[in-house]
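Written below as structure tokens is the structure these notes are about.
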Amino acid sequence: MKHGFCKFVEHSIWKYIDRELSARNLAEISGHLATCASCKKLYETRAREATMYRLAFMGSPFGAEFCEKYEEAILAEVAETPVGEPRGEVLGFLSRWKERPGPVLVAALVLAVVTLFAMTFYRLSIFSSASRDGGLARDARSVTPSRESDASRRTLGIRVLDDGSEQRAFYAGERYTQTVNPSVTTFQLDDGSSLTFAARPWELFVQGDSGPNGSFTARVDEGVVDVSVTKRAADRSFTLQTPNAEVRVLGTEFTLEVRMERGQPLTWIEVTEGRVRVTDVETDRVYYRGPDEGRLRIPLEDSPAAALEGAGADDTDRSRTRDPASLDLDRPVSIPR
Amino acid sequence: MTNEDRELVQETLAGDLEAFSRLVRKYNRMAGAISFGICGDFQMAEDIVQESFLKAYRSLRNLKDPAKFKVWLAGIVRSRAIDFVRQRKSFWSYPQEGEFSVSDLEVYSTESVEELLLKEEFRSKILEAIRGLPEEDRLVITLKHMEGLSYKEIAEITGATVSSVESRLFRARGALRKKLDHILK
């Protein structure tokens, strides 16, 4: 029977080889490998595999070889184009329409048919979703009435499935849900901010963004989402709402979890970088949260300490409970409406 | 790292081609790893990387945060690679899982890994095994072993979570071990 630490080594051997463990675990495993023959054998086998895979890529045409072959050609090509100016295939194609009018006319015809079809389908899908799950669809339209006009359908970024099988635009005023075969899905905003939903059911309503330099607002009705927000100016808020809370940030990273328990929405917020302002929409109370301050639950439980859940309720947090003067981060602040 | 990227992007936008050249030198391996990871073919990957750098240059003003050039470029490469694969799939498909045979690798088994890897034929067999992995597994294996990225960097590039990257790597390495069992022993 294997020693308990041997099982840990067996489980962690790839992370050890990839140097993805803490310094302490790396040292512990190194020490163990010096004394345990079976673990050392396992390590040598896996390390040999890693070497083999790494060396197999030795012949790849990238790095210095790629630069030698293509750098000059790339630079010659870009030198003819003003930086940041689109001079894509489509524009080039159109600019030559006089020479080759046939393909351009065919392309224009196809584009017109596709647009017509898409507009028809789009209207039908709004109508059918409204009758199928009325509440949600009505909600989406009531929040952004302009959504009923196709002309207002504006791209905010792309959404990507973790397996890369789907990359599509997402729009203001639309609701996105995932209930079947969940996978990790990322909504990438054009400004570099992102919302990454864990592989479990989720529901997101993108309320909108008032422009390329405007504010972003969306509502998470269910799910766990890791949020990364590019640093924003004070007048460009990034707001995530849940049924019972509102999180406003200027530039930060945090995880938001929303679920229903006994018919009541519960929201947890855990910040990994920066700072967020959280409003309990039931009480209009405001809380601030930063890194290493544990998870904030909305609504709060009876005592401030109870709001710090699980691992968040460490010694530091308990001492904060004993010392009311240090409770400033959790103390509700009234804000004028 | 990201400050350097910010400066290089800003200098490129100001018209300094040498700055863009440095970005090409710095990130062509990462771009190559992504495109090979998705399409499984080095020649096609070269075309994808070239086109991706051209597209990046033309769209550089759309990059809101120049410090995030790396992740932004990775998104462009992924998108181009997926387009390429879709276009080519109709007349060219890659070896699927189970089609690859390693029986002919046994003849090498008395030599060390390093000696074997000097042989082009041997390397191509390993790459063939990697090519036979499902696309998402192939991508993480390539980013890990060709480019030596951390789990966090791979997660950033692929849009997956770190734990998802870890489990895919574990799965992919397990599959490769089965395929290459004869020479690993």
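Each chain of the structure tokens is named A, B, ... in the order shown, its residues numbered from 1; ligands are numbered from 1 in display order.
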>> List the spatial neighbours of Val9 of chain B as a PyMOL selection string - criterion: any atom at most 12 Å away, only C-alpha atoms, same-chain residues fewer than 5 positions off excluded.
In response: (chain A and resi 83-84) or (chain B and resi 2-4+14-24+56-57+59-70+72-73)
Just the selected residues (N, CA and C atoms), exported as a compact mmCIF listing (two decimals), in the first residue's frame, please.
```txt
# COMPACT_ATOMS: atom_id res chain seq x y z
N VAL A 83 -0.84 52.34 -40.38
CA VAL A 83 -1.13 51.48 -39.24
C VAL A 83 -2.54 51.75 -38.71
N GLY A 84 -3.23 50.64 -38.41
CA GLY A 84 -4.57 50.77 -37.86
C GLY A 84 -5.63 51.05 -38.91
N THR B 2 4.23 43.57 -20.02
CA THR B 2 3.10 44.25 -20.65
C THR B 2 3.42 45.72 -20.90
N ASN B 3 4.29 46.31 -20.02
CA ASN B 3 4.70 47.69 -20.25
C ASN B 3 5.49 47.79 -21.55
N GLU B 4 6.33 46.76 -21.75
CA GLU B 4 7.11 46.74 -22.98
C GLU B 4 6.17 46.66 -24.19
N ALA B 14 2.75 55.07 -33.82
CA ALA B 14 3.38 56.34 -34.20
C ALA B 14 4.18 56.19 -35.50
N GLY B 15 4.14 54.97 -36.07
CA GLY B 15 4.76 54.78 -37.37
C GLY B 15 6.12 54.10 -37.34
N ASP B 16 6.51 53.57 -36.20
CA ASP B 16 7.81 52.93 -36.09
C ASP B 16 7.69 51.44 -36.46
N LEU B 17 8.13 51.11 -37.66
CA LEU B 17 8.00 49.72 -38.12
C LEU B 17 8.91 48.78 -37.34
N GLU B 18 10.03 49.29 -36.85
CA GLU B 18 10.95 48.45 -36.08
C GLU B 18 10.25 47.94 -34.81
N ALA B 19 9.39 48.78 -34.24
CA ALA B 19 8.66 48.36 -33.04
C ALA B 19 7.74 47.19 -33.38
N PHE B 20 7.07 47.27 -34.52
CA PHE B 20 6.19 46.17 -34.92
C PHE B 20 7.02 44.91 -35.21
N SER B 21 8.19 45.13 -35.78
CA SER B 21 9.08 44.02 -36.07
C SER B 21 9.45 43.30 -34.77
N ARG B 22 9.64 44.07 -33.71
CA ARG B 22 9.98 43.44 -32.42
C ARG B 22 8.80 42.64 -31.88
N LEU B 23 7.59 43.14 -32.12
CA LEU B 23 6.41 42.38 -31.70
C LEU B 23 6.33 41.06 -32.47
N VAL B 24 6.65 41.11 -33.76
CA VAL B 24 6.64 39.88 -34.57
C VAL B 24 7.66 38.89 -34.02
N ALA B 56 -3.41 42.12 -37.35
CA ALA B 56 -3.16 42.84 -36.10
C ALA B 56 -2.68 44.26 -36.40
N TYR B 57 -1.78 44.37 -37.35
CA TYR B 57 -1.24 45.69 -37.70
C TYR B 57 -2.36 46.61 -38.19
N SER B 59 -5.48 46.44 -37.58
CA SER B 59 -6.52 46.72 -36.58
C SER B 59 -5.96 47.30 -35.30
N LEU B 60 -4.71 47.69 -35.32
CA LEU B 60 -4.04 48.04 -34.06
C LEU B 60 -4.74 49.17 -33.30
N ARG B 61 -5.38 50.05 -34.02
CA ARG B 61 -6.06 51.15 -33.32
C ARG B 61 -7.28 50.65 -32.55
N ASN B 62 -7.78 49.46 -32.90
CA ASN B 62 -8.93 48.91 -32.16
C ASN B 62 -8.53 48.33 -30.81
N LEU B 63 -7.23 48.16 -30.61
CA LEU B 63 -6.77 47.59 -29.33
C LEU B 63 -6.83 48.69 -28.27
N LYS B 64 -7.79 48.53 -27.36
CA LYS B 64 -8.02 49.60 -26.38
C LYS B 64 -6.91 49.66 -25.34
N ASP B 65 -6.42 48.48 -24.92
CA ASP B 65 -5.37 48.47 -23.90
C ASP B 65 -4.11 47.85 -24.50
N PRO B 66 -3.17 48.68 -24.94
CA PRO B 66 -1.97 48.15 -25.61
C PRO B 66 -1.19 47.14 -24.77
N ALA B 67 -1.34 47.21 -23.45
CA ALA B 67 -0.62 46.26 -22.59
C ALA B 67 -1.15 44.84 -22.79
N LYS B 68 -2.35 44.72 -23.36
CA LYS B 68 -2.93 43.39 -23.56
C LYS B 68 -2.73 42.91 -24.99
N PHE B 69 -1.70 43.38 -25.65
CA PHE B 69 -1.45 43.00 -27.04
C PHE B 69 -1.37 41.48 -27.19
N LYS B 70 -0.68 40.84 -26.25
CA LYS B 70 -0.45 39.39 -26.36
C LYS B 70 -1.78 38.62 -26.45
N TRP B 72 -4.73 39.84 -27.07
CA TRP B 72 -5.47 40.32 -28.24
C TRP B 72 -4.98 39.62 -29.51
N LEU B 73 -3.66 39.54 -29.67
CA LEU B 73 -3.09 38.86 -30.83
C LEU B 73 -3.49 37.38 -30.82
```
>> Env of segment 39-43 of chain B: 9 Å cut, atoms = only C-alpha atoms, seq-sep filter 6 positions within chain, self excluded. Answer as a PyMOL selection string.
In response: (chain A and resi 60-62) or (chain B and resi 32+81-82+84-85+94+127-128+130-132+135+138-139)
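Counting only C-alpha atoms and comparing A:Glu44, A:Glu293, A:Asp191, A:Glu28, the residue that lies closest to chain B is A:Asp191.
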> Which neighbours of Tyr43 of chain A fall inside 9 Å, counting only C-alpha atoms, when residues of the same chain fewer than 5 positions from it are skipped, and could you give them as a list in words?
Replying inline: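 Listing them by chain and then by number gives Val9, Glu10, Ile13, Trp14, Tyr16, Ile17, Leu33, Ser38 and Arg48 of chain A.
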Residue selection dump (C-alpha atoms) as a compact mmCIF listing (two decimals), in the first residue's frame:
```txt
# COMPACT_ATOMS: atom_id res chain seq x y z
CA VAL A 9 3.10 12.99 -5.48
CA GLU A 10 1.32 10.73 -7.96
CA ILE A 13 3.59 14.94 -10.57
CA TRP A 14 2.69 16.89 -13.72
CA TYR A 16 5.61 19.42 -10.19
CA ILE A 17 7.23 18.99 -13.61
CA LEU A 33 11.80 12.02 -4.50
CA SER A 38 8.81 4.35 -6.76
CA ARG A 48 11.07 11.88 -20.03
```
With 8 Å as the cut-off and only C-alpha atoms counted, what is the closest atom pair between each nearby residue of chain A and chain B? Distances in Å to one decimal, ordered by chain and number, as CSV.
```
residue,atom,partner,partner_atom,distance
A:Trp14,CA,B:Phe170,CA,7.7
A:Asp18,CA,B:Ser150,CA,7.6
A:Glu20,CA,B:Ser150,CA,7.5
A:Thr45,CA,B:Leu184,CA,7.6
A:Arg48,CA,B:Val113,CA,7.5
A:Glu49,CA,B:Leu184,CA,7.0
A:Ala50,CA,B:His145,CA,7.4
A:Met52,CA,B:Val113,CA,6.5
A:Tyr53,CA,B:His145,CA,6.1
A:Arg54,CA,B:His145,CA,4.7
A:Leu55,CA,B:Leu117,CA,6.6
A:Ala56,CA,B:Arg123,CA,5.0
A:Phe57,CA,B:Met146,CA,5.6
A:Met58,CA,B:Met146,CA,7.9
A:Ser60,CA,B:Phe42,CA,6.9
A:Pro61,CA,B:Phe42,CA,7.0
A:Phe62,CA,B:Arg29,CA,5.2
A:Gly63,CA,B:Arg29,CA,5.2
A:Ala64,CA,B:Arg25,CA,7.5
A:Phe66,CA,B:Asn28,CA,7.4
A:Cys67,CA,B:Arg25,CA,6.4
A:Tyr70,CA,B:Gln50,CA,7.4
A:Glu71,CA,B:Ser21,CA,7.1
A:Ile74,CA,B:Leu54,CA,6.8
A:Leu75,CA,B:Leu17,CA,7.1
A:Glu77,CA,B:Leu54,CA,7.7
A:Val78,CA,B:Leu54,CA,6.7
A:Ala79,CA,B:Leu17,CA,7.5
A:Thr81,CA,B:Arg58,CA,7.5
A:Pro82,CA,B:Arg58,CA,7.6
A:Val83,CA,B:Arg58,CA,5.6
A:Gly84,CA,B:Arg58,CA,4.3
A:Glu85,CA,B:Arg58,CA,5.3
A:Pro86,CA,B:Arg58,CA,5.2
A:Arg87,CA,B:Arg58,CA,7.0
A:Gly88,CA,B:Lys55,CA,7.9
A:Val160,CA,B:Gly159,CA,7.4
A:Leu161,CA,B:Gly159,CA,7.8
A:Asp162,CA,B:Ala160,CA,5.2
A:Asp163,CA,B:Glu136,CA,5.6
A:Gly164,CA,B:Glu136,CA,7.6
A:Gln167,CA,B:Ser79,CA,7.7
A:Val184,CA,B:Ala160,CA,6.3
A:Thr185,CA,B:Gly159,CA,7.8
A:Thr186,CA,B:Gly159,CA,6.4
A:Asp190,CA,B:Lys64,CA,7.3
A:Asp191,CA,B:Lys64,CA,5.0
A:Gly192,CA,B:Asp65,CA,6.7
A:Thr196,CA,B:Gly159,CA,7.7
A:Ala198,CA,B:Thr161,CA,7.9
A:Thr230,CA,B:Asp65,CA,7.7
```
